[in-house]
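Heads up, the thing below is written out as structure tokens.
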Amino acid sequence: MEQQWTAQDLPASQSGVAKSKWPGKQIWAFRAFYAMLLPGVLYYVIFKYIPMYGVIIAFKDFQMLEGIMGSPWADPWYKHFELFFNSPYASQLMVNTILISVYKLVFGTIPPILMALLLNECRVRWFKTVVQTLTYMPHFLSWVIIYGILIALLSQNSGLLNRWIEEAGGQSIGFMTSLDYFRIILVGSEIWKDLGWGAIIYLAAMTSIDPTLYEAARVDGAGRLRMIWHITLPGIRHVIVLLLILKLGHIMDAGFDQIYILYNIQVYQVADILDTWVFRTGLQQLNFSLGAAVGLFKSLIGMALVIGSNHLSRKWGEGIW
């Protein structure tokens with residue numbers, strides 16, 4: 001029978017808060033929680049919301065010596081947006097960005113779930129600990145280190161994989177400069193890097209599943225696969241949907257740090273994305289207004305995707321809000 005809580009069941013300080021209509025007393029009663037919340041709020045205010053003021057340079061011909069307010073307004077106001085969409089690179093940049101993001105979303109969603117399921121089913125504690133540690137350690141490696149590992153493995157002249165190919169009688173392949181292989185390397189390296197880290201989230205969700213459900217299923221004769229399909233996966237469905245919605249909001253990012261370190265001029269055709277183009281055009285060529293315009297366009301697309309995906313997921317009762 002579900003227990004019903006009333007104001008009389010609360011401590012005296014919280015009971016008074018429940019009866020009080022003045023919000024100041026509520027804040028003071030829970031001051032410890034608000035104090036813990038304050039650093040996170042300050043972080044987002046200082047580094048996320050205040051910098052949004054600079055978005056207006058997307059509608060100005062920004063000049064560093066004049067500053068944001070002193071710079072003249074663009075004529076017309078959509079000048080820099082038009083400049084980007086009329087450039088010969090716009091369509092290729094959009095295609096590369098969306099394709100790489102979709103590949104990472106599609107092929108990068110299932111492996112962490114499978115890893116979490118395997119770890120959850122493992123009954124040898126020391127082996128589970130070792131595997132979990134080894135799989136989430138790459139998350140803490142920078143892409144510079146991973147680039148060195150990839151060069152050691154895939155370099156056309158001295159890479160380990162190409163040595164095996166040559167010893168088998170084949171011809172070496174320039175994986176890092178190949179239009180056919182570069183996207184595969186991008187997606188595969190990110191899956192390997194975040195495999196164990198992503199599994200931690202699903203493992204945490206699995207611990208909240210009621211163990212009596214497994215006991216009842218075992219009594220009814222269900223095997224491990226049936227319990228996974230009918231209990232474990234439905235139990236973490238809300239986490240899967242939540243992470244998918246969050247990833248959809250970043251579908252226009254595609255991973256600037258990874259691509260900027262791994263790509264080269266020979267693979268621009270398949271690897272150059274919005275962020276790398278903005279870095280070259282907006283920062284290296286000091287065209288800040290154009291970079292801000294493209295960044296604002298990306299943000300609007302991401303916001304629309306998050307709102308739309310959340311609206312669809314709410315029909316199954318799994319929305320964020």
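By order of appearance in the structure tokens: chains A, B, ..., then residues from 1 within every chain, and ligands from 1 in the order shown.
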| said: Env of stretch 244-254 of chain A: 10 Å cut, atoms = only C-alpha atoms, seq-sep filter 6 positions within chain, self excluded. Answer as a ChimeraX atom specification. | reply: /A:94,96-106,109,186-187,238,271,273-276,295,297-310,313,319-320
| In stretch 74-279 of chain A, DSSP alpha helix (DSSP H) residues written as a ChimeraX atom specification | /A:79-85,90-121,125-136,143-154,160-167,182-206,211-219,224-227,233-235,237-248,256-262,268-271,274-278
| message | Given only C-alpha atoms as the basis, pick out the residue of A:Phe84, A:Trp164, A:Trp192, A:Tyr89 nearest to A:Gly291. | response | A:Phe84
| said: For a quick check of understanding, using only C-alpha atoms, which of A:Leu134, A:Val267, A:Ala199, A:Val294 has the smallest distance to A:Gly174? | reply: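 Nearest to A:Gly174: A:Val267.
The residue that comes closest to A:Asp194, out of A:Met64, A:Ala32, A:Met137, A:Ile265 and on the basis of only C-alpha atoms, is A:Met137.
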| field | Nearest candidate to A:Gln269 (options A:Asp180, A:Glu82, A:Glu66, A:Asp75; using only C-alpha atoms) | value |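 Smallest separation from A:Gln269 among the options: A:Asp180.
Distance-wise, atom CA of A:Val239 and atom CA of A:Leu296 end up 28.7 Å apart.
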Could you give me, as a compact mmCIF listing (two decimals) with N, CA and C atoms, in the first residue's frame, the residues within 9 Å of A:Asn120, counting only C-alpha atoms and dropping anything in the same chain fewer than 5 positions from it?
```
# COMPACT_ATOMS: atom_id res chain seq x y z
N MET A 115 27.72 -3.40 -24.58
CA MET A 115 28.78 -3.52 -23.58
C MET A 115 28.20 -3.51 -22.17
N LYS A 128 34.92 -8.48 -14.61
CA LYS A 128 34.06 -7.35 -14.94
C LYS A 128 34.76 -6.02 -14.65
N LEU A 203 24.78 1.09 -17.38
CA LEU A 203 24.95 0.23 -16.21
C LEU A 203 24.31 0.85 -14.97
N MET A 206 20.67 0.29 -15.16
CA MET A 206 20.30 -1.11 -14.90
C MET A 206 20.24 -1.41 -13.40
N THR A 207 21.04 -0.72 -12.60
CA THR A 207 21.03 -0.97 -11.16
C THR A 207 19.72 -0.53 -10.51
```
| Nearest candidate to A:Asn157 (options A:Ile173, A:Ile50, A:Ile261, A:Val144; using only C-alpha atoms) | A:Ile173
